[in-house]
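What's in entry-v9.pdb: PDB, C-alpha atoms
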ATOM      1  CA  MET A1123     -97.738 118.700 -23.991
ATOM      2  CA  ARG A1124     -96.600 122.288 -24.316
ATOM      3  CA  PRO A1125     -95.919 123.973 -21.008
ATOM      4  CA  ASN A1126     -97.621 127.108 -22.253
ATOM      5  CA  GLU A1127     -99.219 128.599 -25.347
ATOM      6  CA  ALA A1128     -96.423 131.183 -25.453
ATOM      7  CA  CYS A1129     -93.915 128.405 -26.109
ATOM      8  CA  ALA A1130     -92.097 129.350 -29.294
ATOM      9  CA  ALA A1131     -91.800 126.768 -32.034
ATOM     10  CA  MET A1132     -88.375 125.128 -32.143
ATOM     11  CA  ASP A1133     -86.102 127.455 -34.141
ATOM     12  CA  PRO A1134     -83.139 125.623 -35.711
ATOM     13  CA  GLN A1135     -81.354 128.991 -36.078
ATOM     14  CA  ALA A1136     -81.541 129.656 -32.323
ATOM     15  CA  PHE A1137     -78.254 129.482 -30.427
ATOM     16  CA  PHE A1138     -79.303 126.377 -28.459
ATOM     17  CA  TRP A1139     -80.132 124.327 -31.548
ATOM     18  CA  ARG A1140     -77.033 125.467 -33.455
ATOM     19  CA  VAL A1141     -74.945 124.185 -30.535
ATOM     20  CA  MET A1142     -76.940 120.939 -30.503
ATOM     21  CA  ALA A1143     -76.299 120.577 -34.259
ATOM     22  CA  GLY A1144     -72.564 121.073 -33.698
ATOM     23  CA  GLU A1145     -72.524 124.334 -35.711
ATOM     24  CA  LEU A1146     -71.400 126.370 -32.668
ATOM     25  CA  PRO A1147     -69.290 125.293 -29.688
ATOM     26  CA  PRO A1148     -71.048 124.932 -26.341
ATOM     27  CA  PRO A1149     -70.596 127.879 -23.936
ATOM     28  CA  ARG A1150     -67.293 127.842 -22.062
ATOM     29  CA  ALA A1151     -69.117 127.526 -18.733
ATOM     30  CA  VAL A1152     -70.760 124.272 -19.879
ATOM     31  CA  GLN A1153     -67.401 122.847 -20.955
ATOM     32  CA  THR A1154     -65.881 123.838 -17.591
ATOM     33  CA  LEU A1155     -68.665 121.923 -15.805
ATOM     34  CA  GLY A1156     -68.075 118.847 -17.974
ATOM     35  CA  GLY A1157     -71.678 119.281 -19.113
ATOM     36  CA  ARG A1158     -73.590 117.562 -21.920
ATOM     37  CA  ILE A1159     -77.221 117.680 -22.976
ATOM     38  CA  VAL A1160     -78.296 114.088 -23.478
ATOM     39  CA  ARG A1161     -82.015 114.530 -24.210
ATOM     40  CA  VAL A1162     -84.253 117.417 -25.235
ATOM     41  CA  ASP A1163     -88.034 117.486 -25.485
ATOM     42  CA  ALA A1164     -88.681 121.118 -26.419
ATOM     43  CA  GLU A1165     -92.441 120.576 -26.696
ATOM     44  CA  ALA A1166     -92.578 119.254 -23.140
ATOM     45  CA  GLY A1167     -89.984 121.788 -21.972
ATOM     46  CA  ILE A1168     -87.657 119.094 -20.608
ATOM     47  CA  VAL A1169     -83.922 118.510 -20.939
ATOM     48  CA  GLU A1170     -81.653 115.888 -19.433
ATOM     49  CA  THR A1171     -77.994 116.658 -18.802
ATOM     50  CA  THR A1172     -74.871 115.013 -17.451
ATOM     51  CA  PHE A1173     -71.898 116.638 -15.716
ATOM     52  CA  GLN A1174     -68.463 115.336 -14.807
ATOM     53  CA  ALA A1175     -67.339 117.051 -11.612
ATOM     54  CA  PRO A1176     -63.529 117.074 -11.430
ATOM     55  CA  ASP A1177     -61.407 117.180  -8.256
ATOM     56  CA  ALA A1178     -61.131 120.935  -8.889
ATOM     57  CA  PHE A1179     -64.736 121.303  -7.617
ATOM     58  CA  ALA A1180     -64.045 119.720  -4.200
ATOM     59  CA  ASN A1181     -64.978 121.379  -0.901
ATOM     60  CA  PRO A1182     -62.969 120.778   2.307
ATOM     61  CA  MET A1183     -64.885 117.495   2.825
ATOM     62  CA  GLY A1184     -63.850 116.251  -0.619
ATOM     63  CA  HIS A1185     -67.417 116.476  -1.961
ATOM     64  CA  VAL A1186     -68.583 118.705  -4.811
ATOM     65  CA  GLN A1187     -68.828 122.268  -3.479
ATOM     66  CA  GLY A1188     -72.510 123.253  -3.397
ATOM     67  CA  GLY A1189     -71.933 126.278  -5.580
ATOM     68  CA  PHE A1190     -70.783 124.058  -8.438
ATOM     69  CA  LEU A1191     -73.961 121.992  -8.054
ATOM     70  CA  ALA A1192     -75.814 125.318  -8.362
ATOM     71  CA  ALA A1193     -73.842 126.048 -11.553
ATOM     72  CA  MET A1194     -74.795 122.609 -12.951
ATOM     73  CA  LEU A1195     -78.457 123.212 -12.086
ATOM     74  CA  ASP A1196     -78.302 126.647 -13.754
ATOM     75  CA  ASP A1197     -76.950 124.875 -16.853
ATOM     76  CA  THR A1198     -79.773 122.326 -16.690
ATOM     77  CA  LEU A1199     -82.774 124.589 -16.037
ATOM     78  CA  GLY A1200     -81.495 127.217 -18.507
ATOM     79  CA  PRO A1201     -81.307 124.848 -21.504
ATOM     80  CA  ALA A1202     -84.888 123.624 -20.869
ATOM     81  CA  LEU A1203     -85.955 127.190 -21.604
ATOM     82  CA  ALA A1204     -83.263 127.875 -24.225
ATOM     83  CA  ALA A1205     -84.670 125.044 -26.359
ATOM     84  CA  THR A1206     -87.864 127.111 -26.743
ATOM     85  CA  LEU A1207     -86.183 130.407 -27.707
ATOM     86  CA  ALA A1208     -86.114 131.927 -31.177
ATOM     87  CA  ARG A1209     -82.987 133.212 -32.902
ATOM     88  CA  GLY A1210     -81.759 136.394 -31.228
ATOM     89  CA  GLN A1211     -83.554 135.729 -27.966
ATOM     90  CA  PHE A1212     -81.811 134.985 -24.693
ATOM     91  CA  ALA A1213     -83.155 134.367 -21.217
ATOM     92  CA  PRO A1214     -81.063 135.514 -18.244
ATOM     93  CA  THR A1215     -81.812 133.876 -14.905
ATOM     94  CA  LEU A1216     -83.228 136.421 -12.447
ATOM     95  CA  GLN A1217     -83.258 134.178  -9.387
ATOM     96  CA  LEU A1218     -82.066 130.668  -8.573
ATOM     97  CA  THR A1219     -82.832 128.748  -5.377
ATOM     98  CA  VAL A1220     -80.930 125.532  -4.740
ATOM     99  CA  THR A1221     -81.757 123.035  -2.001
ATOM    100  CA  PHE A1222     -78.923 120.646  -1.095
ATOM    101  CA  LEU A1223     -80.290 117.235  -0.104
ATOM    102  CA  ARG A1224     -77.181 115.046  -0.046
ATOM    103  CA  SER A1225     -73.470 115.485  -0.532
ATOM    104  CA  ALA A1226     -72.309 114.682  -4.064
ATOM    105  CA  ARG A1227     -69.118 112.812  -4.835
ATOM    106  CA  ILE A1228     -66.599 113.950  -7.433
ATOM    107  CA  GLY A1229     -67.685 112.273 -10.680
ATOM    108  CA  LEU A1230     -70.811 111.860 -12.785
ATOM    109  CA  LEU A1231     -74.085 113.685 -12.090
ATOM    110  CA  HIS A1232     -77.369 113.538 -13.993
ATOM    111  CA  GLY A1233     -79.615 116.584 -14.351
ATOM    112  CA  THR A1234     -83.240 117.081 -15.309
ATOM    113  CA  GLY A1235     -84.582 120.542 -16.132
ATOM    114  CA  ARG A1236     -88.222 121.488 -16.732
ATOM    115  CA  VAL A1237     -90.078 124.582 -17.860
ATOM    116  CA  LEU A1238     -92.880 124.913 -15.307
ATOM    117  CA  ARG A1239     -94.427 127.890 -17.059
ATOM    118  CA  ARG A1240     -93.297 129.470 -20.321
ATOM    119  CA  GLY A1241     -94.628 132.997 -20.265
ATOM    120  CA  ARG A1242     -93.993 135.381 -23.124
ATOM    121  CA  GLU A1243     -91.345 137.039 -20.926
ATOM    122  CA  VAL A1244     -91.357 135.608 -17.389
ATOM    123  CA  CYS A1245     -90.573 131.891 -17.155
ATOM    124  CA  HIS A1246     -90.499 129.520 -14.197
ATOM    125  CA  LEU A1247     -88.122 126.571 -14.210
ATOM    126  CA  ALA A1248     -87.373 123.601 -11.945
ATOM    127  CA  GLY A1249     -84.994 120.669 -11.879
ATOM    128  CA  GLU A1250     -82.853 118.208  -9.985
ATOM    129  CA  LEU A1251     -79.371 116.739  -9.970
ATOM    130  CA  ARG A1252     -79.011 113.027  -9.258
ATOM    131  CA  GLN A1253     -76.100 110.766  -8.438
ATOM    132  CA  ASP A1254     -76.532 106.993  -8.426
ATOM    133  CA  GLY A1255     -80.285 107.566  -8.798
ATOM    134  CA  GLU A1256     -80.627 109.733  -5.691
ATOM    135  CA  VAL A1257     -81.464 113.437  -5.787
ATOM    136  CA  VAL A1258     -78.510 115.422  -4.423
ATOM    137  CA  ALA A1259     -79.844 118.930  -5.142
ATOM    138  CA  SER A1260     -83.010 120.541  -6.489
ATOM    139  CA  ALA A1261     -83.593 124.011  -7.878
ATOM    140  CA  LEU A1262     -86.225 126.562  -8.803
ATOM    141  CA  ALA A1263     -85.474 129.488 -11.073
ATOM    142  CA  THR A1264     -87.103 132.502 -12.648
ATOM    143  CA  ALA A1265     -85.854 133.695 -16.034
ATOM    144  CA  LEU A1266     -86.812 136.504 -18.394
ATOM    145  CA  VAL A1267     -86.950 136.156 -22.172
ATOM    146  CA  ARG A1268     -85.180 139.100 -23.835
ATOM    147  CA  GLN A1269     -84.382 140.106 -27.367
ATOM    148  CA  ALA A1270     -80.624 140.417 -27.882
ATOM    149  CA  GLY A1271     -79.338 143.808 -29.019
ATOM    150  CA  PRO A1272     -77.573 144.134 -32.408
ATOM    151  CA  ARG A1273     -74.132 143.527 -30.864
ATOM    152  CA  GLN A1274     -75.314 140.452 -28.963
ATOM    153  CA  ALA A1275     -77.335 139.041 -31.856
ATOM    154  CA  ALA A1276     -74.223 139.129 -34.024
ATOM    155  CA  SER A1277     -72.272 136.843 -31.691
TER
ATOM    156  CA  MET B 678     -70.836 142.930  17.747
ATOM    157  CA  ARG B 679     -71.395 139.197  17.834
ATOM    158  CA  PRO B 680     -74.181 138.025  15.567
ATOM    159  CA  ASN B 681     -75.370 135.634  18.263
ATOM    160  CA  GLU B 682     -74.484 134.384  21.722
ATOM    161  CA  ALA B 683     -73.940 130.913  20.245
ATOM    162  CA  CYS B 684     -71.035 132.269  18.184
ATOM    163  CA  ALA B 685     -68.054 130.082  19.038
ATOM    164  CA  ALA B 686     -64.813 131.726  20.034
ATOM    165  CA  MET B 687     -62.290 131.807  17.183
ATOM    166  CA  ASP B 688     -60.508 128.423  17.213
ATOM    167  CA  PRO B 689     -57.037 128.607  15.607
ATOM    168  CA  GLN B 690     -57.145 124.818  15.121
ATOM    169  CA  ALA B 691     -60.337 125.010  13.056
ATOM    170  CA  PHE B 692     -59.963 124.251   9.339
ATOM    171  CA  PHE B 693     -60.779 127.825   8.301
ATOM    172  CA  TRP B 694     -58.083 129.398  10.472
ATOM    173  CA  ARG B 695     -55.466 126.794   9.551
ATOM    174  CA  VAL B 696     -56.046 127.680   5.888
ATOM    175  CA  MET B 697     -55.852 131.395   6.737
ATOM    176  CA  ALA B 698     -52.542 130.723   8.541
ATOM    177  CA  GLY B 699     -51.180 128.919   5.476
ATOM    178  CA  GLU B 700     -50.946 125.577   7.341
ATOM    179  CA  LEU B 701     -53.436 123.908   4.983
ATOM    180  CA  PRO B 702     -54.148 124.628   1.303
ATOM    181  CA  PRO B 703     -57.472 126.290   0.459
ATOM    182  CA  PRO B 704     -60.197 123.932  -0.818
ATOM    183  CA  ARG B 705     -59.867 123.033  -4.486
ATOM    184  CA  ALA B 706     -63.211 124.680  -5.250
ATOM    185  CA  VAL B 707     -61.934 128.032  -3.935
ATOM    186  CA  GLN B 708     -58.787 127.771  -6.070
ATOM    187  CA  THR B 709     -60.908 126.932  -9.130
ATOM    188  CA  LEU B 710     -62.960 130.090  -8.540
ATOM    189  CA  GLY B 711     -59.795 132.191  -8.212
ATOM    190  CA  GLY B 712     -61.003 133.005  -4.704
ATOM    191  CA  ARG B 713     -59.218 134.756  -1.841
ATOM    192  CA  ILE B 714     -60.396 135.879   1.583
ATOM    193  CA  VAL B 715     -59.148 139.426   1.997
ATOM    194  CA  ARG B 716     -60.730 140.373   5.357
ATOM    195  CA  VAL B 717     -62.296 138.448   8.249
ATOM    196  CA  ASP B 718     -64.106 139.833  11.264
ATOM    197  CA  ALA B 719     -65.190 136.655  13.054
ATOM    198  CA  GLU B 720     -66.735 138.569  15.953
ATOM    199  CA  ALA B 721     -68.978 140.495  13.576
ATOM    200  CA  GLY B 722     -69.479 137.419  11.356
ATOM    201  CA  ILE B 723     -68.233 139.202   8.219
ATOM    202  CA  VAL B 724     -65.776 138.187   5.515
ATOM    203  CA  GLU B 725     -64.683 139.940   2.342
ATOM    204  CA  THR B 726     -63.538 137.918  -0.656
ATOM    205  CA  THR B 727     -62.258 138.430  -4.174
ATOM    206  CA  PHE B 728     -62.641 136.130  -7.180
ATOM    207  CA  GLN B 729     -61.004 136.122 -10.589
ATOM    208  CA  ALA B 730     -63.504 134.765 -13.115
ATOM    209  CA  PRO B 731     -61.635 133.252 -16.099
ATOM    210  CA  ASP B 732     -62.960 132.943 -19.667
ATOM    211  CA  ALA B 733     -63.826 129.355 -18.745
ATOM    212  CA  PHE B 734     -66.835 130.688 -16.755
ATOM    213  CA  ALA B 735     -68.413 132.502 -19.722
ATOM    214  CA  ASN B 736     -72.041 132.029 -20.763
ATOM    215  CA  PRO B 737     -73.159 132.404 -24.401
ATOM    216  CA  MET B 738     -73.265 136.209 -23.951
ATOM    217  CA  GLY B 739     -69.633 136.252 -22.805
ATOM    218  CA  HIS B 740     -70.592 137.191 -19.232
ATOM    219  CA  VAL B 741     -69.927 135.091 -16.128
ATOM    220  CA  GLN B 742     -72.456 132.242 -16.082
ATOM    221  CA  GLY B 743     -74.842 132.836 -13.159
ATOM    222  CA  GLY B 744     -74.102 129.457 -11.647
ATOM    223  CA  PHE B 745     -70.467 130.438 -11.143
ATOM    224  CA  LEU B 746     -71.609 133.625  -9.404
ATOM    225  CA  ALA B 747     -73.660 131.302  -7.161
ATOM    226  CA  ALA B 748     -70.515 129.254  -6.499
ATOM    227  CA  MET B 749     -68.606 132.442  -5.568
ATOM    228  CA  LEU B 750     -71.413 133.516  -3.240
ATOM    229  CA  ASP B 751     -71.434 130.044  -1.645
ATOM    230  CA  ASP B 752     -67.694 130.505  -1.055
ATOM    231  CA  THR B 753     -68.295 133.941   0.467
ATOM    232  CA  LEU B 754     -71.255 133.212   2.762
ATOM    233  CA  GLY B 755     -69.779 129.864   3.861
ATOM    234  CA  PRO B 756     -66.481 131.333   5.144
ATOM    235  CA  ALA B 757     -68.356 133.978   7.200
ATOM    236  CA  LEU B 758     -69.774 131.050   9.166
ATOM    237  CA  ALA B 759     -66.655 128.858   8.917
ATOM    238  CA  ALA B 760     -64.675 131.541  10.759
ATOM    239  CA  THR B 761     -66.876 130.863  13.816
ATOM    240  CA  LEU B 762     -66.555 127.044  13.789
ATOM    241  CA  ALA B 763     -64.515 124.967  16.222
ATOM    242  CA  ARG B 764     -62.076 122.248  15.187
ATOM    243  CA  GLY B 765     -63.959 119.229  13.844
ATOM    244  CA  GLN B 766     -67.097 121.177  13.006
ATOM    245  CA  PHE B 767     -68.351 121.802   9.497
ATOM    246  CA  ALA B 768     -71.419 123.574   8.192
ATOM    247  CA  PRO B 769     -73.013 122.305   4.978
ATOM    248  CA  THR B 770     -75.285 124.723   3.128
ATOM    249  CA  LEU B 771     -78.883 123.487   3.142
ATOM    250  CA  GLN B 772     -80.314 126.100   0.809
ATOM    251  CA  LEU B 773     -78.917 128.946  -1.287
ATOM    252  CA  THR B 774     -80.958 131.597  -3.098
ATOM    253  CA  VAL B 775     -79.180 133.850  -5.553
ATOM    254  CA  THR B 776     -80.678 136.951  -7.145
ATOM    255  CA  PHE B 777     -78.938 138.149 -10.303
ATOM    256  CA  LEU B 778     -79.049 141.943 -10.559
ATOM    257  CA  ARG B 779     -76.589 142.687 -13.359
ATOM    258  CA  SER B 780     -74.440 140.733 -15.767
ATOM    259  CA  ALA B 781     -70.844 140.310 -14.571
ATOM    260  CA  ARG B 782     -67.851 140.592 -16.863
ATOM    261  CA  ILE B 783     -65.023 138.067 -16.905
ATOM    262  CA  GLY B 784     -62.491 139.352 -14.362
ATOM    263  CA  LEU B 785     -62.383 140.559 -10.777
ATOM    264  CA  LEU B 786     -65.351 140.350  -8.400
ATOM    265  CA  HIS B 787     -65.586 141.422  -4.753
ATOM    266  CA  GLY B 788     -67.706 139.477  -2.250
ATOM    267  CA  THR B 789     -69.085 140.289   1.186
ATOM    268  CA  GLY B 790     -70.535 137.534   3.391
ATOM    269  CA  ARG B 791     -72.381 138.030   6.688
ATOM    270  CA  VAL B 792     -73.742 135.750   9.397
ATOM    271  CA  LEU B 793     -77.253 137.066   9.963
ATOM    272  CA  ARG B 794     -77.939 134.673  12.813
ATOM    273  CA  ARG B 795     -75.518 132.167  14.308
ATOM    274  CA  GLY B 796     -77.650 129.534  15.984
ATOM    275  CA  ARG B 797     -76.108 126.585  17.759
ATOM    276  CA  GLU B 798     -77.019 124.478  14.701
ATOM    277  CA  VAL B 799     -79.120 126.462  12.217
ATOM    278  CA  CYS B 800     -77.414 129.536  10.754
ATOM    279  CA  HIS B 801     -78.662 132.199   8.369
ATOM    280  CA  LEU B 802     -76.234 133.925   6.017
ATOM    281  CA  ALA B 803     -76.365 136.722   3.454
ATOM    282  CA  GLY B 804     -74.013 138.433   1.046
ATOM    283  CA  GLU B 805     -73.337 140.162  -2.234
ATOM    284  CA  LEU B 806     -70.941 140.114  -5.162
ATOM    285  CA  ARG B 807     -69.826 143.437  -6.599
ATOM    286  CA  GLN B 808     -68.006 144.469  -9.748
ATOM    287  CA  ASP B 809     -66.740 148.034 -10.150
ATOM    288  CA  GLY B 810     -68.662 148.936  -6.985
ATOM    289  CA  GLU B 811     -72.042 147.724  -8.266
ATOM    290  CA  VAL B 812     -73.886 144.713  -6.844
ATOM    291  CA  VAL B 813     -74.149 142.030  -9.548
ATOM    292  CA  ALA B 814     -75.689 139.254  -7.400
ATOM    293  CA  SER B 815     -76.979 138.816  -3.859
ATOM    294  CA  ALA B 816     -77.609 135.642  -1.871
ATOM    295  CA  LEU B 817     -79.305 134.221   1.190
ATOM    296  CA  ALA B 818     -78.362 130.848   2.623
ATOM    297  CA  THR B 819     -79.221 128.491   5.434
ATOM    298  CA  ALA B 820     -76.491 126.261   6.844
ATOM    299  CA  LEU B 821     -76.329 123.662   9.596
ATOM    300  CA  VAL B 822     -73.413 123.286  12.012
ATOM    301  CA  ARG B 823     -72.393 119.621  12.287
ATOM    302  CA  GLN B 824     -69.703 117.687  14.086
ATOM    303  CA  ALA B 825     -67.451 115.846  11.623
ATOM    304  CA  GLY B 826     -67.227 112.062  11.975
ATOM    305  CA  PRO B 827     -63.847 110.451  12.814
ATOM    306  CA  ARG B 828     -62.942 109.966   9.140
ATOM    307  CA  GLN B 829     -63.841 113.547   8.248
ATOM    308  CA  ALA B 830     -62.184 115.068  11.320
ATOM    309  CA  ALA B 831     -58.922 113.344  10.378
ATOM    310  CA  SER B 832     -58.735 115.079   6.992
TER
END
I'd like the structure from this file rewritten - as structure tokens, please.
Amino acid sequence: MRPNEACAAMDPQAFFWRVMAGELPPPRAVQTLGGRIVRVDAEAGIVETTFQAPDAFANPMGHVQGGFLAAMLDDTLGPALAATLARGQFAPTLQLTVTFLRSARIGLLHGTGRVLRRGREVCHLAGELRQDGEVVASALATALVRQAGPRQAAS
Amino acid sequence: MRPNEACAAMDPQAFFWRVMAGELPPPRAVQTLGGRIVRVDAEAGIVETTFQAPDAFANPMGHVQGGFLAAMLDDTLGPALAATLARGQFAPTLQLTVTFLRSARIGLLHGTGRVLRRGREVCHLAGELRQDGEVVASALATALVRQAGPRQAAS
């Protein structure tokens, strides 16, 4: 099921798929979050991720600071859309809302990101982070598909 | 001006003020974000922060990944409320909405956090991140004042 008719065909030359193929390194931010993409269904607009939260992400209670959960969700919802982009396109997040349901321990987290609606430009995304099978945080985001300028396309 | 009658008097034994006094180290998450609190007005419910975003926070475009801006905003809005807490209280964020207005370069960012309403339990917070004087992201959050359990209060 395609989330929308505007969903681009999977483009192996797009940044996302070149990273998945190991031709380009993952973004620094993803490495910092200990993030990996473990499953992609571009047609369905779904990705599954994992993150390894280190002690460096701890809040005063010793749990993962909520902002880092937000960063993990941003790097889960974003790839669900990135998998549908063509070469030279990018899709900055315009707004991200995160709801914190439970505290998360330092360690492994599992993310699921979904494209709710893939417009030609405006896209709506949703997802969750789980730990030990329980949802610890959920998110909604709006993103905008843009064409990279010459300088950006070259990178 | 106090944001609300329920605003607690500044408690020098509260976690926030012990960190400010150098008696306790800042939370790991704050250190990871290169964060510092540069001004606090607990009566007005306002804090000002700075963050040093390293290359490790870069997205594929080389800008600061939005999720890390969310983490910085969480660590700007949270302290505005934390400055009003008594010893043994903590205030987890229930929901955080971040609006991304401009891309942020790797480097220095300035944050402002405000308590919009300090209820006895439910608190509403707002703030912005600026770079070179321009707002790059704004946030709204809801937090809940809780009493730490014996194990948590001991830490």
Spatial neighbours of A:Leu1231, 10 Å, only C-alpha atoms, chain gap at least 3 places, as an NGL selection string: :A and (1156-1157 or 1171-1175 or 1191 or 1194 or 1226-1228 or 1251-1258)
Take the residues from that selection and write them out as a compact mmCIF listing (two decimals), in the frame of the given file, keeping C-alpha atoms.
# COMPACT_ATOMS: atom_id res chain seq x y z
CA GLY A 1156 -68.08 118.85 -17.97
CA GLY A 1157 -71.68 119.28 -19.11
CA THR A 1171 -77.99 116.66 -18.80
CA THR A 1172 -74.87 115.01 -17.45
CA PHE A 1173 -71.90 116.64 -15.72
CA GLN A 1174 -68.46 115.34 -14.81
CA ALA A 1175 -67.34 117.05 -11.61
CA LEU A 1191 -73.96 121.99 -8.05
CA MET A 1194 -74.80 122.61 -12.95
CA ALA A 1226 -72.31 114.68 -4.06
CA ARG A 1227 -69.12 112.81 -4.84
CA ILE A 1228 -66.60 113.95 -7.43
CA LEU A 1251 -79.37 116.74 -9.97
CA ARG A 1252 -79.01 113.03 -9.26
CA GLN A 1253 -76.10 110.77 -8.44
CA ASP A 1254 -76.53 106.99 -8.43
CA GLY A 1255 -80.28 107.57 -8.80
CA GLU A 1256 -80.63 109.73 -5.69
CA VAL A 1257 -81.46 113.44 -5.79
CA VAL A 1258 -78.51 115.42 -4.42
Contact set, chain A to chain B: 10 Å, only C-alpha atoms, as a PyMOL selection string: chain A and resi 1137-1138+1147-1155+1176-1197+1212+1214-1225+1259-1264+1270+1274-1275+1277
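Note that atom CA of A:Arg1209 and atom CA of A:Arg1268 are 11.0 Å apart.
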Size and centre in Å, one decimal, axis-aligned box, all listed stretch 1236-1239 of chain A atoms plus 6 Å per side, as AutoDock Vina command-line options:
--center_x -91.3 --center_y 124.7 --center_z -16.6 --size_x 18.2 --size_y 18.4 --size_z 14.6
Residues near B:Glu725, cut-off 9 Å, all atoms listed in the file, skip fewer than 4 positions along chain, as an MDAnalysis selection string: chainID B and resid 713:718 753 757 787:790
Atoms to include: C-alpha atoms. Write the selected residues as a short mmCIF file (atom, residue, chain, number, x, y, z; two decimals), keeping the file's coordinate frame.
data_model
loop_
_atom_site.label_atom_id
_atom_site.label_comp_id
_atom_site.auth_asym_id
_atom_site.auth_seq_id
_atom_site.Cartn_x
_atom_site.Cartn_y
_atom_site.Cartn_z
CA ARG B 713 -59.22 134.76 -1.84
CA ILE B 714 -60.40 135.88 1.58
CA VAL B 715 -59.15 139.43 2.00
CA ARG B 716 -60.73 140.37 5.36
CA VAL B 717 -62.30 138.45 8.25
CA ASP B 718 -64.11 139.83 11.26
CA THR B 753 -68.30 133.94 0.47
CA ALA B 757 -68.36 133.98 7.20
CA HIS B 787 -65.59 141.42 -4.75
CA GLY B 788 -67.71 139.48 -2.25
CA THR B 789 -69.08 140.29 1.19
CA GLY B 790 -70.54 137.53 3.39
#
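Take atom CA of A:Pro1201 and atom CA of A:Ile1168: the distance between them is 8.6 Å.
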For atom CA of B:Val799 and atom CA of B:Ala768, the interatomic separation in Å (one decimal): 9.2 Å
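Shortest atom-to-atom contact with B:Leu821 among B:Met687, B:Leu793, B:Ala803, B:Leu758: B:Leu758, counting only C-alpha atoms.
The smallest atom-to-atom distance between B:Met697 and any of B:Ala721, B:Arg797, B:Gly765, B:Ala760, using all atoms listed in the file, is found for B:Ala760.
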